[in-house]
Amino acid sequence: MFIGNYSLKVETNGRGTYEITDKIQAMAGRAAANSGLMSVFIHHTSASLIVCENADPTVREDLERFMARVAPDGDPLWQHVAEGPDDMPAHIRSVLTQPSLSIPMSGGRALLGTWQGVYVWEHRTGPHTRQLTVSMLGDQPG
């Protein structure tokens with residue numbers, strides 16, 4: 001059964017990861033599904049979603065350093081620089097990661113592992129407001 005679509009806005013201060021685990025857990029709790037599936041989708045081509053370790057922030061820092069090697073800002077290879085030297089690298093980073101996540105739910109909770117957190121990964125160097133849609137399917141009590 002379809003439970004609903006919900007909007008979520010995430011304010012970023014520039015490149016980096018922004019944890020949204022508590023926000024999606026709260027949405028799962030309000031949905032109160034006995035079992036189901038949550039889909040989280042970001043409506044942008046220069047930011048993405050990741051499930052990542054949430055205990056040690058150096059994991060996300062290392063991911064950022066890795067992406068800087070894969071898609072460096074200002075590389076003369078890039079033709080698409082309409083919005084600055086971070087424009088094309090942001091698109092590459094989002095294509096290599098993902099715009100959506102599917103997370104199982106049970107007992108009114110998103111079933112994440114002990115060390116898993118859900119993050120918006122901002123790939124642009126400046127601040128942005130990122131729009132997400134959270135859709136839930138499942139069976140509700142009663």
# chains A, B, ... in the order shown; residues from 1 in each chain; ligands from 1
>>> residues_around(residues="segment 90-95 of chain A", least_positions_apart="6", cutoff="10 Å", atoms="only C-alpha atoms", output="PyMOL selection string")
chain A and resi 15+44-49+64+67-68+70-73+80+121-125
>>> residues_around(residues="Arg130 of chain A", least_positions_apart="6", cutoff="7 Å", atoms="only C-alpha atoms", output="VMD selection string")
chain A and resid 9 to 11
>>> write_last_selection(atoms="N, CA and C atoms", output="CSV table (one decimal), in the first residue's frame")
chain,number,residue,atom,x,y,z
A,9,LYS,N,13.9,19.5,2.6
A,9,LYS,CA,14.9,20.4,2.1
A,9,LYS,C,16.1,20.3,3.0
A,10,VAL,N,17.3,20.4,2.4
A,10,VAL,CA,18.5,20.3,3.1
A,10,VAL,C,19.3,21.5,2.7
A,11,GLU,N,19.7,22.3,3.7
A,11,GLU,CA,20.6,23.5,3.4
A,11,GLU,C,22.0,23.0,3.5
>>> select_by_dssp(residues="chain A", states="alpha helix (DSSP H)", output="PyMOL selection string")
chain A and resi 21-31+58-70+87-96
>>> write_last_selection(atoms="C-alpha atoms", output="PDB file, in the first residue's frame")
ATOM      1  CA  THR A  21      19.471   9.904   9.044  1.00  0.00           C
ATOM      2  CA  ASP A  22      17.438  11.371  11.916  1.00  0.00           C
ATOM      3  CA  LYS A  23      15.101  13.154   9.486  1.00  0.00           C
ATOM      4  CA  ILE A  24      14.308  10.016   7.487  1.00  0.00           C
ATOM      5  CA  GLN A  25      13.968   7.962  10.689  1.00  0.00           C
ATOM      6  CA  ALA A  26      11.396  10.501  11.896  1.00  0.00           C
ATOM      7  CA  MET A  27       9.500  10.166   8.606  1.00  0.00           C
ATOM      8  CA  ALA A  28       9.553   6.367   8.921  1.00  0.00           C
ATOM      9  CA  GLY A  29       8.230   6.697  12.465  1.00  0.00           C
ATOM     10  CA  ARG A  30       5.341   8.907  11.360  1.00  0.00           C
ATOM     11  CA  ALA A  31       4.496   6.428   8.588  1.00  0.00           C
ATOM     12  CA  THR A  58      37.425  10.534   8.313  1.00  0.00           C
ATOM     13  CA  VAL A  59      35.648   7.999   6.066  1.00  0.00           C
ATOM     14  CA  ARG A  60      33.699  10.830   4.423  1.00  0.00           C
ATOM     15  CA  GLU A  61      36.791  13.054   4.363  1.00  0.00           C
ATOM     16  CA  ASP A  62      38.678  10.289   2.520  1.00  0.00           C
ATOM     17  CA  LEU A  63      35.804   9.944   0.045  1.00  0.00           C
ATOM     18  CA  GLU A  64      36.049  13.681  -0.627  1.00  0.00           C
ATOM     19  CA  ARG A  65      39.800  13.403  -1.243  1.00  0.00           C
ATOM     20  CA  PHE A  66      39.222  10.457  -3.585  1.00  0.00           C
ATOM     21  CA  MET A  67      36.651  12.401  -5.614  1.00  0.00           C
ATOM     22  CA  ALA A  68      39.029  15.373  -5.823  1.00  0.00           C
ATOM     23  CA  ARG A  69      41.441  13.064  -7.657  1.00  0.00           C
ATOM     24  CA  VAL A  70      38.757  11.618  -9.936  1.00  0.00           C
ATOM     25  CA  ASP A  87      30.516  22.796 -12.263  1.00  0.00           C
ATOM     26  CA  MET A  88      31.556  19.740 -14.292  1.00  0.00           C
ATOM     27  CA  PRO A  89      33.278  17.999 -11.354  1.00  0.00           C
ATOM     28  CA  ALA A  90      29.984  18.257  -9.420  1.00  0.00           C
ATOM     29  CA  HIS A  91      28.125  16.547 -12.274  1.00  0.00           C
ATOM     30  CA  ILE A  92      30.739  13.783 -12.520  1.00  0.00           C
ATOM     31  CA  ARG A  93      30.588  13.177  -8.771  1.00  0.00           C
ATOM     32  CA  SER A  94      26.792  12.911  -8.810  1.00  0.00           C
ATOM     33  CA  VAL A  95      26.831  10.503 -11.774  1.00  0.00           C
ATOM     34  CA  LEU A  96      29.377   8.284 -10.004  1.00  0.00           C
TER      35      LEU A  96
END
>>> atom_distance(atom1="atom CA of Pro57 of chain A", atom2="atom CA of Tyr119 of chain A")
11.9 Å
>>> select_by_dssp(residues="segment 3-133 of chain A", states="strand (DSSP E)", output="PyMOL selection string")
chain A and resi 3-12+16-19+35-42+47-53+100-106+109-110+116-122+128-133
>>> residues_around(residues="His128 of chain A", least_positions_apart="4", cutoff="8 Å", atoms="only C-alpha atoms", output="list in words")
Glu11, Thr12, Asn13 and Gly14 of chain A
>>> residues_around(residues="Leu111 of chain A", least_positions_apart="4", cutoff="12 Å", atoms="only C-alpha atoms", output="PyMOL selection string")
chain A and resi 21+24-25+28-29+33-38+51+102-107+115-118
